[in-house]
Each structure stands twice: as structure tokens, then as C-alpha cells.
$ cat start-v7.txt   # compact mmCIF, C-alpha atoms
# COMPACT_ATOMS: atom_id res chain seq x y z
CA MET Z 1 -0.02 -25.54 -68.58
CA ALA Z 2 0.59 -21.85 -68.03
CA LYS Z 3 0.26 -19.56 -71.03
CA LYS Z 4 3.85 -18.39 -70.61
CA GLN Z 5 5.06 -21.97 -70.90
CA ILE Z 6 3.23 -22.28 -74.22
CA LEU Z 7 3.76 -18.85 -75.79
CA VAL Z 8 7.52 -18.40 -75.44
CA PRO Z 9 8.41 -21.90 -76.75
CA SER Z 10 5.94 -21.39 -79.64
CA LEU Z 11 7.71 -18.16 -80.61
CA LEU Z 12 11.17 -19.75 -80.33
CA ILE Z 13 10.20 -22.90 -82.25
CA SER Z 14 8.49 -20.99 -85.07
CA PHE Z 15 11.49 -18.63 -85.37
CA PHE Z 16 13.93 -21.56 -85.36
CA LEU Z 17 11.96 -23.35 -88.09
CA TYR Z 18 11.79 -20.16 -90.16
CA ILE Z 19 15.58 -19.78 -90.13
CA LEU Z 20 16.15 -23.53 -90.57
CA PHE Z 21 14.01 -24.22 -93.66
CA PRO Z 22 16.22 -22.31 -96.18
CA TRP Z 23 19.20 -24.47 -95.21
CA LEU Z 24 17.42 -27.77 -95.85
CA SER Z 25 18.15 -29.19 -99.29
CA PHE Z 26 18.55 -32.52 -101.06
CA ASN Z 27 20.42 -32.77 -104.37
CA ASP Z 28 20.44 -28.95 -104.51
CA ILE Z 29 16.64 -28.87 -104.22
CA HIS Z 30 15.37 -27.01 -101.16
CA LEU Z 31 12.49 -27.64 -98.81
CA LEU Z 32 11.03 -24.29 -99.87
CA MET Z 33 12.53 -21.72 -102.23
CA PHE Z 34 11.40 -19.24 -104.83
CA ASN Z 35 14.49 -19.72 -106.95
CA PHE Z 36 14.55 -16.74 -109.33
CA GLU Z 37 18.18 -17.42 -110.30
CA PHE Z 38 17.45 -20.87 -111.73
CA HIS Z 39 13.80 -20.18 -112.65
CA ARG Z 40 12.16 -22.81 -110.50
CA PHE Z 41 9.85 -23.22 -107.54
CA GLU Z 42 11.23 -25.69 -105.01
CA PHE Z 43 8.96 -27.36 -102.48
CA LEU Z 44 9.37 -30.51 -100.39
CA PHE Z 45 12.68 -31.21 -102.20
CA MET Z 46 10.91 -31.20 -105.56
CA ALA Z 47 11.58 -28.59 -108.25
CA PHE Z 48 9.15 -27.14 -110.80
CA GLU Z 49 10.37 -24.92 -113.60
CA ALA Z 50 8.78 -21.49 -113.44
CA SER Z 51 9.32 -18.18 -115.16
CA THR Z 52 9.92 -14.96 -113.25
CA HIS Z 53 6.26 -14.01 -113.67
CA GLN Z 54 5.09 -17.38 -112.39
CA LEU Z 55 7.32 -17.13 -109.32
CA ILE Z 56 5.97 -13.66 -108.56
CA TYR Z 57 2.39 -14.94 -108.88
CA ILE Z 58 3.22 -17.86 -106.56
CA VAL Z 59 4.71 -15.53 -103.94
CA ILE Z 60 1.62 -13.27 -104.11
CA THR Z 61 -0.75 -16.26 -103.96
CA LEU Z 62 1.03 -17.74 -100.94
CA PHE Z 63 1.12 -14.37 -99.20
CA ILE Z 64 -2.59 -13.68 -99.68
CA GLY Z 65 -3.62 -17.26 -98.97
CA LEU Z 66 -1.68 -17.47 -95.70
CA LEU Z 67 -2.76 -13.96 -94.72
CA VAL Z 68 -6.47 -14.70 -95.06
CA GLY Z 69 -6.33 -18.40 -94.14
CA LEU Z 70 -4.46 -17.85 -90.88
CA ASN Z 71 -6.77 -14.96 -89.99
CA LEU Z 72 -9.80 -17.22 -90.41
CA THR Z 73 -8.26 -20.04 -88.36
CA ILE Z 74 -5.91 -18.90 -85.62
CA SER Z 75 -6.74 -15.19 -86.11
CA ARG Z 76 -4.64 -12.93 -83.86
CA PHE Z 77 -3.19 -15.88 -81.98
CA PHE Z 78 -0.61 -15.59 -84.77
CA CYS Z 79 0.49 -12.22 -83.38
CA GLY Z 80 1.27 -13.62 -79.94
CA TYR Z 81 2.43 -17.15 -80.69
CA PHE Z 82 4.24 -16.91 -84.03
CA CYS Z 83 5.02 -13.30 -85.02
CA PRO Z 84 8.70 -12.29 -84.53
CA THR Z 85 7.52 -8.88 -83.31
CA SER Z 86 6.19 -10.58 -80.17
CA LEU Z 87 9.56 -12.24 -79.62
CA ALA Z 88 11.19 -8.82 -79.97
CA SER Z 89 8.73 -7.47 -77.38
CA ILE Z 90 9.74 -10.15 -74.89
CA ILE Z 91 13.45 -9.45 -75.53
CA SER Z 92 12.86 -5.72 -75.03
CA MET Z 93 11.13 -6.35 -71.71
CA LYS Z 94 13.91 -8.64 -70.44
CA LEU Z 95 16.92 -6.49 -71.36
CA LYS Z 96 17.39 -3.27 -69.44
CA ASN Z 97 20.75 -2.05 -70.77
CA PRO Z 98 20.02 0.05 -73.91
CA PHE Z 99 23.28 -0.91 -75.65
CA VAL Z 100 22.79 -4.63 -75.03
CA LEU Z 101 19.16 -4.29 -76.14
CA PHE Z 102 20.11 -2.49 -79.36
CA PHE Z 103 22.77 -5.00 -80.43
CA THR Z 104 20.57 -7.97 -79.43
CA ILE Z 105 17.62 -6.67 -81.43
CA MET Z 106 19.87 -5.79 -84.39
CA SER Z 107 21.34 -9.31 -84.36
CA PHE Z 108 17.84 -10.76 -84.15
CA ALA Z 109 16.77 -8.53 -87.07
CA PHE Z 110 19.81 -9.58 -89.12
CA ILE Z 111 19.08 -13.29 -88.65
CA LEU Z 112 15.45 -12.70 -89.61
CA ALA Z 113 16.45 -10.66 -92.68
CA PHE Z 114 19.09 -13.17 -93.78
CA SER Z 115 16.59 -16.03 -93.47
CA THR Z 116 13.93 -14.13 -95.42
CA ILE Z 117 16.26 -13.47 -98.37
CA SER Z 118 17.40 -17.10 -98.19
CA TYR Z 119 13.95 -18.15 -99.41
CA PHE Z 120 14.82 -16.47 -102.72
CA THR Z 121 18.49 -17.42 -103.10
CA SER Z 122 20.70 -20.17 -101.71
CA ALA Z 123 21.43 -19.63 -98.01
CA VAL Z 124 24.87 -21.23 -98.44
CA ASP Z 125 25.79 -18.96 -101.37
CA LEU Z 126 24.43 -15.93 -99.53
CA PHE Z 127 26.53 -16.79 -96.48
CA PHE Z 128 29.81 -17.22 -98.35
CA ASN Z 129 29.23 -14.29 -100.72
CA PHE Z 130 27.83 -11.88 -98.15
CA THR Z 131 30.93 -9.66 -98.03
CA LYS Z 132 30.84 -9.22 -101.83
CA PHE Z 133 27.87 -6.87 -101.42
CA ASP Z 134 25.83 -8.35 -104.23
CA THR Z 135 22.11 -7.65 -104.66
CA ALA Z 136 21.02 -10.28 -102.12
CA SER Z 137 23.44 -8.94 -99.49
CA ILE Z 138 22.18 -5.40 -100.03
CA PHE Z 139 18.59 -6.57 -99.50
CA VAL Z 140 19.66 -8.29 -96.26
CA GLY Z 141 21.08 -4.97 -95.08
CA ILE Z 142 17.93 -3.08 -96.03
CA LEU Z 143 15.68 -5.60 -94.28
CA THR Z 144 17.91 -5.65 -91.19
CA THR Z 145 17.61 -1.87 -90.93
CA GLY Z 146 13.85 -2.07 -91.45
CA PHE Z 147 13.28 -4.84 -88.90
CA THR Z 148 15.49 -3.12 -86.31
CA SER Z 149 13.57 0.13 -86.77
CA ILE Z 150 10.23 -1.66 -86.39
CA PHE Z 151 11.28 -3.62 -83.29
CA LEU Z 152 12.86 -0.66 -81.47
CA VAL Z 153 11.13 2.48 -82.75
CA PHE Z 154 8.03 1.91 -84.86
CA ARG Z 155 6.72 -1.33 -83.33
CA GLY Z 156 3.41 0.10 -82.12
CA TRP Z 157 2.84 2.09 -85.32
CA TYR Z 158 3.64 -0.94 -87.49
CA CYS Z 159 1.50 -3.42 -85.54
CA SER Z 160 -1.58 -1.20 -85.36
CA ILE Z 161 -1.42 0.49 -88.77
CA LEU Z 162 0.97 -0.97 -91.34
CA CYS Z 163 1.00 -4.71 -90.61
CA PRO Z 164 -0.94 -6.51 -93.40
CA TYR Z 165 -1.99 -9.27 -91.01
CA PHE Z 166 -3.56 -6.74 -88.64
CA PHE Z 167 -5.24 -5.01 -91.58
CA VAL Z 168 -6.95 -8.21 -92.77
CA SER Z 169 -7.92 -9.08 -89.20
CA ALA Z 170 -9.43 -5.63 -88.71
CA ILE Z 171 -11.71 -5.80 -91.77
CA LEU Z 172 -13.05 -9.28 -90.97
CA PRO Z 173 -16.27 -9.54 -88.91
CA GLN Z 174 -15.60 -8.67 -85.26
CA GLU Z 175 -18.67 -9.92 -83.43
CA LYS Z 176 -17.52 -13.47 -82.66
CA LYS Z 177 -13.77 -12.91 -82.77
CA GLN Z 178 -11.72 -13.93 -79.74
CA THR Z 179 -10.63 -10.96 -77.63
CA PHE Z 180 -8.90 -10.35 -74.30
CA GLU Z 181 -10.50 -8.55 -71.37
CA PHE Z 182 -9.26 -7.20 -68.04
CA PHE Z 183 -11.23 -7.84 -64.85
CA ASP Z 184 -10.82 -7.84 -61.06
CA LYS Z 185 -9.24 -4.39 -60.65
CA GLU Z 186 -9.02 -4.90 -56.90
CA SER Z 187 -6.44 -7.67 -57.33
CA CYS Z 188 -4.26 -5.64 -59.70
CA ILE Z 189 -0.94 -4.56 -58.14
CA ASP Z 190 -0.18 -1.97 -60.86
CA CYS Z 191 3.08 -3.60 -61.90
CA GLU Z 192 2.47 -2.32 -65.46
CA LYS Z 193 4.00 -5.44 -67.02
CA CYS Z 194 0.99 -5.81 -69.30
CA VAL Z 195 1.64 -2.28 -70.60
CA LYS Z 196 5.40 -2.73 -70.99
CA ILE Z 197 5.16 -5.94 -73.02
CA CYS Z 198 2.40 -4.65 -75.30
CA PRO Z 199 3.65 -4.05 -78.86
CA ILE Z 200 1.43 -0.95 -79.07
CA ASP Z 201 2.92 2.09 -77.35
CA ASP Z 202 0.92 3.54 -74.44
CA LEU Z 203 -1.86 0.98 -74.76
CA ASP Z 204 -3.27 -0.08 -71.39
CA ILE Z 205 -5.75 -2.94 -71.46
CA LYS Z 206 -6.81 -2.03 -67.93
CA ALA Z 207 -8.37 1.16 -69.34
CA GLY Z 208 -10.80 -0.85 -71.45
CA PHE Z 209 -11.18 -1.64 -75.13
CA ASP Z 210 -8.73 0.08 -77.47
CA ILE Z 211 -9.19 -0.24 -81.23
CA ARG Z 212 -5.38 -0.38 -81.66
CA CYS Z 213 -5.16 -3.66 -79.69
CA VAL Z 214 -3.87 -6.53 -81.88
CA GLN Z 215 -5.13 -9.20 -79.44
CA CYS Z 216 -1.76 -10.98 -79.35
CA GLY Z 217 -2.25 -12.11 -75.75
CA LEU Z 218 1.18 -11.02 -74.48
CA CYS Z 219 -0.51 -9.01 -71.72
CA GLU Z 220 -2.24 -12.16 -70.47
CA VAL Z 221 1.11 -13.94 -70.26
CA ALA Z 222 2.78 -11.02 -68.50
CA CYS Z 223 -0.04 -10.76 -65.97
CA GLU Z 224 -0.01 -14.49 -65.32
CA SER Z 225 3.77 -14.44 -64.65
CA VAL Z 226 3.13 -11.94 -61.86
CA MET Z 227 -0.11 -13.22 -60.37
CA THR Z 228 1.12 -16.80 -60.05
CA LYS Z 229 3.47 -15.50 -57.35
CA PHE Z 230 0.32 -14.65 -55.37
CA ASN Z 231 -1.31 -18.00 -56.20
CA LYS Z 232 -3.76 -16.29 -58.53
CA SER Z 233 -4.50 -16.64 -62.22
CA SER Z 234 -4.09 -13.90 -64.80
CA LEU Z 235 -6.41 -10.91 -64.45
CA ILE Z 236 -6.53 -10.72 -68.24
CA LYS Z 237 -8.45 -13.51 -69.91
CA LYS Z 238 -9.97 -14.49 -73.23
CA LYS Z 239 -13.54 -13.40 -73.80
CA TYR Z 240 -14.62 -16.86 -74.99
CA LYS Z 241 -13.32 -19.41 -72.49
CA ASN Z 242 -14.30 -22.44 -74.60
CA ARG Z 243 -12.35 -21.40 -77.70
CA ASN Z 244 -9.03 -22.99 -78.62
CA ILE Z 245 -6.48 -21.58 -81.03
CA PHE Z 246 -8.38 -22.92 -84.06
CA LYS Z 247 -11.63 -21.28 -83.02
CA SER Z 248 -10.35 -17.79 -82.34
CA PHE Z 249 -12.07 -16.14 -85.31
CA SER Z 250 -15.38 -17.92 -84.85
CA GLU Z 251 -16.55 -21.36 -83.84
CA LYS Z 252 -16.28 -22.60 -87.44
CA GLY Z 253 -13.73 -20.15 -88.77
CA TYR Z 254 -11.18 -22.90 -89.35
CA ILE Z 255 -13.47 -24.44 -91.99
CA TRP Z 256 -13.35 -21.23 -94.03
CA GLY Z 257 -9.61 -21.04 -93.41
CA CYS Z 258 -9.06 -24.56 -94.73
CA LEU Z 259 -11.12 -23.68 -97.81
CA ILE Z 260 -8.84 -20.70 -98.45
CA PHE Z 261 -5.77 -22.95 -98.11
CA ILE Z 262 -7.23 -25.40 -100.64
CA ILE Z 263 -7.93 -22.58 -103.10
CA MET Z 264 -4.37 -21.35 -102.57
CA ILE Z 265 -2.88 -24.78 -103.35
CA VAL Z 266 -5.06 -25.26 -106.44
CA SER Z 267 -4.08 -21.78 -107.67
CA ILE Z 268 -0.38 -22.56 -107.29
CA ILE Z 269 -0.77 -25.84 -109.18
CA TYR Z 270 -2.50 -23.95 -111.98
CA ILE Z 271 0.24 -21.29 -112.05
CA LEU Z 272 2.91 -23.99 -112.30
CA ASP Z 273 1.27 -25.56 -115.36
CA SER Z 274 4.01 -25.93 -117.95
CA SER Z 275 1.75 -24.39 -120.61
CA ASN Z 276 2.12 -21.09 -118.74
CA LEU Z 277 5.91 -21.09 -119.19
CA ASP Z 278 7.36 -18.29 -121.29
CA ASN Z 279 10.20 -20.58 -122.34
CA CYS Z 280 12.24 -23.50 -121.01
CA TYR Z 281 15.71 -23.02 -119.53
CA PHE Z 282 18.63 -25.29 -120.35
CA ILE Z 283 19.76 -25.25 -116.73
CA ASN Z 284 16.56 -27.10 -115.77
CA LYS Z 285 16.89 -29.89 -118.32
CA ASN Z 286 17.29 -32.43 -115.51
CA LEU Z 287 13.73 -31.66 -114.37
CA TYR Z 288 12.29 -33.28 -117.48

$ encode --input "start-v7.txt" --output "C-alpha cells"
Amino acid sequence: MAKKQILVPSLLISFFLYILFPWLSFNDIHLLMFNFEFHRFEFLFMAFEASTHQLIYIVITLFIGLLVGLNLTISRFFCGYFCPTSLASIISMKLKNPFVLFFTIMSFAFILAFSTISYFTSAVDLFFNFTKFDTASIFVGILTTGFTSIFLVFRGWYCSILCPYFFVSAILPQEKKQTFEFFDKESCIDCEKCVKICPIDDLDIKAGFDIRCVQCGLCEVACESVMTKFNKSSLIKKKYKNRNIFKSFSEKGYIWGCLIFIIMIVSIIYILDSSNLDNCYFINKNLY
């Protein structure tokens, strides 16, 4: 199957699941929510009472665990196959009209921001109370502005400097990490699609290795979409041909990644220990 047939659906499916999860609930218990309002952590339609401090520790633990664990398993495949910035890059390449592009990206950013805040407060309540301009609504507005700015203006700067995922990836050992390389310059038709779709401004993989490259693989997809018209494969390929998505960091990187995930889960269970509660809340009496 062509890379383009895999990458775009992966981005769309992951984005759809991200915006869907906050809406899924059973008996007012969500699939996943850090419920600061009712002082509980909700997961798999089960609720665990947690103080504000515990919820903050859980959020930090999940963030660090996923950040390191995903880097050790799928590495920078995350950037190309799951990161919303890559989806924004594809949208930017497809839309030529600047006004249509701006409003499309802003709508995309709003949905992403709304969904993110919905992991901390009820998506239904946020939807119906959005025009009341409460704290949650204000945060949605701030995130929408931030995401829109990143996708349209600071995308390259964010991806290569500020992104925490890129930062962790950059400090991990590089020697056996999966990378992308350009070859066969004679077959290149200079369409520049690999440059246009790249989230890093003015980065040209044809010029050789660039330390700013996030190895998302979008250039490989763009090149393949063009070269297939000439019955040729992409001129940009992975360095290690025998590596799948779970061996992108190293041949056994997924083992270390799984270990990190286990540590993360154990840490969250420890944080949720009722002995760590500051006090119990009457609103959660049904949990006992």
C-alpha cells in the first residue's frame, strides 16, 4: 500500500478519535477525563476520587510517559502519522486561496482546542455554556489562537525548536534512529512538493541532512504522489528498509517504550491511592 494511503487516513482517524473521546460517557463517567470540577480521574468509564494535586500529578505523569514512551517506540513516526501539525501541513498544501486556508485552519484549530479543554471539563457543558465566556471558554479561545498561529505562522519554529516531542527525540541516541534520505537526483523533476509540505520552513531534504528535520515522512508521501505518475517509487526513502513503525527508534526500542508505559501506569495507580487524598468530597459519595 502506498504511504499516502496510510498516512492521511492515520492522521484523520487519530484526529477523529481525539475529538470523539471527550464525548463518550456512561452514567456521567467519561472514557477519559481529568475532572477538576468534581475532583476525580475518569478512565474507561470508571471514576477515582482525586484531589487537585493528584490530578495535576496524573496529567504530568501521562504527559512525560507518553512523550518518552512514544519516542522509544514509534519515534518520529508520530510526527507524520498522528500529529495534528502534519494534518495542518497537508491542508495548507491543498488549499490555495489564502482566505479559505485561514478560515479552514482556524476552524481546525478551534475543534482541536475545544477537544483539548473537553478532557478537563464536560464537553456537553462546554458546548452549551460556550457563549457565557466562562474560564473553560476563555481557554478554548486562547488555545485556538495559539494553534492557528502555530499552523499558519510559527509551524517550522514550533516543530524544530519548541515542540516537546521533538526535544525528547533530539536528545535520545541518534545512531540507530530511523531517518529519511533523498537519492536519485537524476529522476527528480524539481516539483518542490517535498519542500512545500515540510513543516519546517525552507528545509529541502534534497540538499542533504538538516538538523531541523523532524523526520515526519511527509516529504516521502509528497514525492511518492508525484513519482507514481511516472511509474516510479518515491525518491525519498527510509534509511533502514527493514524497520516498521515500532522499530523506528532502534530494533528493540519498543521494549524500552513498553517499560516506560508500565512505569507510567504503576505511577498513576500509586498517585490515585486513597491514602494520598487531602480530603473526601461529598459529591463523590457514590464512588464508595

$ closest_residue --input "start-v7.txt" --among "Z:Thr228, Z:Gly208, Z:Ile111, Z:Tyr270" --to "Ala123 in chain Z" --atoms "all atoms listed in the file"
Z:Ile111

$ closest_residue --input "start-v7.txt" --among "Z:Ile6, Z:Leu66, Z:Ile56, Z:Met106" --to "Ile265 in chain Z" --atoms "only C-alpha atoms"
Z:Leu66

$ atom_distance --input "start-v7.txt" --atom1 "CA of Ile105 in chain Z" --atom2 "CA of Leu143 in chain Z"
13.0 Å

$ residues_around --input "start-v7.txt" --residues "range 90-101 of chain Z" --least-positions-apart "2" --cutoff "12 Å" --atoms "all atoms listed in the file" --output "ChimeraX atom specification"
/Z:4,7-9,11-12,80-81,83-88,103-109,148,151-153,155,192-199,218-219,221-222

$ write_last_selection --input "start-v7.txt" --atoms "C-alpha atoms" --output "compact mmCIF listing (two decimals), in the coordinates of the input"
# COMPACT_ATOMS: atom_id res chain seq x y z
CA LYS Z 4 3.85 -18.39 -70.61
CA LEU Z 7 3.76 -18.85 -75.79
CA VAL Z 8 7.52 -18.40 -75.44
CA PRO Z 9 8.41 -21.90 -76.75
CA LEU Z 11 7.71 -18.16 -80.61
CA LEU Z 12 11.17 -19.75 -80.33
CA GLY Z 80 1.27 -13.62 -79.94
CA TYR Z 81 2.43 -17.15 -80.69
CA CYS Z 83 5.02 -13.30 -85.02
CA PRO Z 84 8.70 -12.29 -84.53
CA THR Z 85 7.52 -8.88 -83.31
CA SER Z 86 6.19 -10.58 -80.17
CA LEU Z 87 9.56 -12.24 -79.62
CA ALA Z 88 11.19 -8.82 -79.97
CA PHE Z 103 22.77 -5.00 -80.43
CA THR Z 104 20.57 -7.97 -79.43
CA ILE Z 105 17.62 -6.67 -81.43
CA MET Z 106 19.87 -5.79 -84.39
CA SER Z 107 21.34 -9.31 -84.36
CA PHE Z 108 17.84 -10.76 -84.15
CA ALA Z 109 16.77 -8.53 -87.07
CA THR Z 148 15.49 -3.12 -86.31
CA PHE Z 151 11.28 -3.62 -83.29
CA LEU Z 152 12.86 -0.66 -81.47
CA VAL Z 153 11.13 2.48 -82.75
CA ARG Z 155 6.72 -1.33 -83.33
CA GLU Z 192 2.47 -2.32 -65.46
CA LYS Z 193 4.00 -5.44 -67.02
CA CYS Z 194 0.99 -5.81 -69.30
CA VAL Z 195 1.64 -2.28 -70.60
CA LYS Z 196 5.40 -2.73 -70.99
CA ILE Z 197 5.16 -5.94 -73.02
CA CYS Z 198 2.40 -4.65 -75.30
CA PRO Z 199 3.65 -4.05 -78.86
CA LEU Z 218 1.18 -11.02 -74.48
CA CYS Z 219 -0.51 -9.01 -71.72
CA VAL Z 221 1.11 -13.94 -70.26
CA ALA Z 222 2.78 -11.02 -68.50

$ closest_residue --input "start-v7.txt" --among "Z:Gly141, Z:Ala113, Z:His30, Z:Arg212" --to "Cys163 in chain Z" --atoms "all atoms listed in the file"
Z:Arg212

$ closest_residue --input "start-v7.txt" --among "Z:Val168, Z:Ile268, Z:Ile142, Z:Ile161" --to "Ser75 in chain Z" --atoms "all atoms listed in the file"
Z:Val168

$ residues_near_point --input "start-v7.txt" --point "(23.9, -9.0, -94.3)" --cutoff "12 Å" --atoms "all atoms listed in the file" --output "short mmCIF file (atom, residue, chain, number, x, y, z; two decimals) with C-alpha atoms, in the frame of the given file"
data_model
loop_
_atom_site.label_atom_id
_atom_site.label_comp_id
_atom_site.auth_asym_id
_atom_site.auth_seq_id
_atom_site.Cartn_x
_atom_site.Cartn_y
_atom_site.Cartn_z
CA MET Z 106 19.87 -5.79 -84.39
CA SER Z 107 21.34 -9.31 -84.36
CA PHE Z 108 17.84 -10.76 -84.15
CA ALA Z 109 16.77 -8.53 -87.07
CA PHE Z 110 19.81 -9.58 -89.12
CA ILE Z 111 19.08 -13.29 -88.65
CA LEU Z 112 15.45 -12.70 -89.61
CA ALA Z 113 16.45 -10.66 -92.68
CA PHE Z 114 19.09 -13.17 -93.78
CA SER Z 115 16.59 -16.03 -93.47
CA THR Z 116 13.93 -14.13 -95.42
CA ILE Z 117 16.26 -13.47 -98.37
CA SER Z 118 17.40 -17.10 -98.19
CA ALA Z 123 21.43 -19.63 -98.01
CA LEU Z 126 24.43 -15.93 -99.53
CA PHE Z 127 26.53 -16.79 -96.48
CA PHE Z 128 29.81 -17.22 -98.35
CA ASN Z 129 29.23 -14.29 -100.72
CA PHE Z 130 27.83 -11.88 -98.15
CA THR Z 131 30.93 -9.66 -98.03
CA LYS Z 132 30.84 -9.22 -101.83
CA PHE Z 133 27.87 -6.87 -101.42
CA ASP Z 134 25.83 -8.35 -104.23
CA THR Z 135 22.11 -7.65 -104.66
CA ALA Z 136 21.02 -10.28 -102.12
CA SER Z 137 23.44 -8.94 -99.49
CA ILE Z 138 22.18 -5.40 -100.03
CA PHE Z 139 18.59 -6.57 -99.50
CA VAL Z 140 19.66 -8.29 -96.26
CA GLY Z 141 21.08 -4.97 -95.08
CA ILE Z 142 17.93 -3.08 -96.03
CA LEU Z 143 15.68 -5.60 -94.28
CA THR Z 144 17.91 -5.65 -91.19
CA THR Z 145 17.61 -1.87 -90.93
#

$ closest_residue --input "start-v7.txt" --among "Z:Leu44, Z:Cys191, Z:Leu62, Z:Leu20" --to "Ile262 in chain Z" --atoms "all atoms listed in the file"
Z:Leu62

$ closest_residue --input "start-v7.txt" --among "Z:Met264, Z:Pro164, Z:Ile58, Z:Lys237" --to "Asp184 in chain Z" --atoms "all atoms listed in the file"
Z:Lys237

$ atom_distance --input "start-v7.txt" --atom1 "CA of Arg76 in chain Z" --atom2 "CA of Val214 in chain Z"
6.7 Å

$ decode --input "start-v7.txt" --residues "range 86-106 of chain Z" --atoms "N, CA, C and O atoms" --output "PDB file, in the first residue's frame"
ATOM      1  N   SER Z  86       0.905  17.889  11.176  1.00  0.00           N
ATOM      2  CA  SER Z  86       1.064  17.279   9.854  1.00  0.00           C
ATOM      3  C   SER Z  86      -0.226  17.386   9.054  1.00  0.00           C
ATOM      4  O   SER Z  86      -0.204  17.611   7.836  1.00  0.00           O
ATOM      5  N   LEU Z  87      -1.357  17.224   9.733  1.00  0.00           N
ATOM      6  CA  LEU Z  87      -2.644  17.369   9.058  1.00  0.00           C
ATOM      7  C   LEU Z  87      -2.826  18.811   8.583  1.00  0.00           C
ATOM      8  O   LEU Z  87      -3.328  19.050   7.475  1.00  0.00           O
ATOM      9  N   ALA Z  88      -2.375  19.763   9.405  1.00  0.00           N
ATOM     10  CA  ALA Z  88      -2.439  21.166   9.012  1.00  0.00           C
ATOM     11  C   ALA Z  88      -1.531  21.429   7.807  1.00  0.00           C
ATOM     12  O   ALA Z  88      -1.862  22.242   6.938  1.00  0.00           O
ATOM     13  N   SER Z  89      -0.395  20.740   7.751  1.00  0.00           N
ATOM     14  CA  SER Z  89       0.524  20.898   6.615  1.00  0.00           C
ATOM     15  C   SER Z  89      -0.118  20.424   5.319  1.00  0.00           C
ATOM     16  O   SER Z  89       0.009  21.061   4.272  1.00  0.00           O
ATOM     17  N   ILE Z  90      -0.825  19.307   5.389  1.00  0.00           N
ATOM     18  CA  ILE Z  90      -1.498  18.767   4.209  1.00  0.00           C
ATOM     19  C   ILE Z  90      -2.620  19.709   3.761  1.00  0.00           C
ATOM     20  O   ILE Z  90      -2.788  19.968   2.562  1.00  0.00           O
ATOM     21  N   ILE Z  91      -3.372  20.245   4.727  1.00  0.00           N
ATOM     22  CA  ILE Z  91      -4.435  21.205   4.401  1.00  0.00           C
ATOM     23  C   ILE Z  91      -3.847  22.442   3.730  1.00  0.00           C
ATOM     24  O   ILE Z  91      -4.370  22.937   2.726  1.00  0.00           O
ATOM     25  N   SER Z  92      -2.732  22.927   4.267  1.00  0.00           N
ATOM     26  CA  SER Z  92      -2.088  24.130   3.723  1.00  0.00           C
ATOM     27  C   SER Z  92      -1.602  23.907   2.296  1.00  0.00           C
ATOM     28  O   SER Z  92      -1.625  24.831   1.477  1.00  0.00           O
ATOM     29  N   MET Z  93      -1.161  22.685   1.997  1.00  0.00           N
ATOM     30  CA  MET Z  93      -0.676  22.393   0.658  1.00  0.00           C
ATOM     31  C   MET Z  93      -1.828  22.261  -0.339  1.00  0.00           C
ATOM     32  O   MET Z  93      -1.691  22.610  -1.513  1.00  0.00           O
ATOM     33  N   LYS Z  94      -2.985  21.803   0.134  1.00  0.00           N
ATOM     34  CA  LYS Z  94      -4.127  21.575  -0.750  1.00  0.00           C
ATOM     35  C   LYS Z  94      -4.877  22.861  -1.088  1.00  0.00           C
ATOM     36  O   LYS Z  94      -5.366  23.027  -2.201  1.00  0.00           O
ATOM     37  N   LEU Z  95      -4.982  23.771  -0.111  1.00  0.00           N
ATOM     38  CA  LEU Z  95      -5.777  24.983  -0.306  1.00  0.00           C
ATOM     39  C   LEU Z  95      -4.906  26.134  -0.790  1.00  0.00           C
ATOM     40  O   LEU Z  95      -3.908  26.476  -0.161  1.00  0.00           O
ATOM     41  N   LYS Z  96      -5.294  26.736  -1.873  1.00  0.00           N
ATOM     42  CA  LYS Z  96      -4.512  27.818  -2.470  1.00  0.00           C
ATOM     43  C   LYS Z  96      -5.033  29.197  -2.087  1.00  0.00           C
ATOM     44  O   LYS Z  96      -4.261  30.148  -1.957  1.00  0.00           O
ATOM     45  N   ASN Z  97      -6.356  29.330  -1.937  1.00  0.00           N
ATOM     46  CA  ASN Z  97      -6.939  30.614  -1.589  1.00  0.00           C
ATOM     47  C   ASN Z  97      -6.592  30.959  -0.139  1.00  0.00           C
ATOM     48  O   ASN Z  97      -6.933  30.215   0.781  1.00  0.00           O
ATOM     49  N   PRO Z  98      -5.928  32.104   0.110  1.00  0.00           N
ATOM     50  CA  PRO Z  98      -5.485  32.442   1.473  1.00  0.00           C
ATOM     51  C   PRO Z  98      -6.633  32.625   2.463  1.00  0.00           C
ATOM     52  O   PRO Z  98      -6.492  32.282   3.639  1.00  0.00           O
ATOM     53  N   PHE Z  99      -7.769  33.147   2.010  1.00  0.00           N
ATOM     54  CA  PHE Z  99      -8.906  33.344   2.905  1.00  0.00           C
ATOM     55  C   PHE Z  99      -9.529  32.014   3.291  1.00  0.00           C
ATOM     56  O   PHE Z  99      -9.857  31.772   4.456  1.00  0.00           O
ATOM     57  N   VAL Z 100      -9.696  31.143   2.305  1.00  0.00           N
ATOM     58  CA  VAL Z 100     -10.233  29.797   2.582  1.00  0.00           C
ATOM     59  C   VAL Z 100      -9.284  29.041   3.494  1.00  0.00           C
ATOM     60  O   VAL Z 100      -9.708  28.363   4.439  1.00  0.00           O
ATOM     61  N   LEU Z 101      -7.980  29.167   3.235  1.00  0.00           N
ATOM     62  CA  LEU Z 101      -6.975  28.495   4.056  1.00  0.00           C
ATOM     63  C   LEU Z 101      -7.042  28.982   5.504  1.00  0.00           C
ATOM     64  O   LEU Z 101      -7.033  28.169   6.440  1.00  0.00           O
ATOM     65  N   PHE Z 102      -7.120  30.305   5.682  1.00  0.00           N
ATOM     66  CA  PHE Z 102      -7.138  30.863   7.033  1.00  0.00           C
ATOM     67  C   PHE Z 102      -8.345  30.367   7.829  1.00  0.00           C
ATOM     68  O   PHE Z 102      -8.202  29.904   8.975  1.00  0.00           O
ATOM     69  N   PHE Z 103      -9.541  30.448   7.246  1.00  0.00           N
ATOM     70  CA  PHE Z 103     -10.738  30.049   7.973  1.00  0.00           C
ATOM     71  C   PHE Z 103     -10.806  28.527   8.178  1.00  0.00           C
ATOM     72  O   PHE Z 103     -11.341  28.059   9.186  1.00  0.00           O
ATOM     73  N   THR Z 104     -10.235  27.766   7.237  1.00  0.00           N
ATOM     74  CA  THR Z 104     -10.189  26.308   7.411  1.00  0.00           C
ATOM     75  C   THR Z 104      -9.261  25.931   8.553  1.00  0.00           C
ATOM     76  O   THR Z 104      -9.608  25.112   9.413  1.00  0.00           O
ATOM     77  N   ILE Z 105      -8.079  26.537   8.568  1.00  0.00           N
ATOM     78  CA  ILE Z 105      -7.115  26.256   9.628  1.00  0.00           C
ATOM     79  C   ILE Z 105      -7.639  26.737  10.975  1.00  0.00           C
ATOM     80  O   ILE Z 105      -7.473  26.065  12.005  1.00  0.00           O
ATOM     81  N   MET Z 106      -8.292  27.905  11.005  1.00  0.00           N
ATOM     82  CA  MET Z 106      -8.834  28.417  12.264  1.00  0.00           C
ATOM     83  C   MET Z 106      -9.943  27.502  12.788  1.00  0.00           C
ATOM     84  O   MET Z 106     -10.027  27.251  14.001  1.00  0.00           O
TER      85      MET Z 106
END
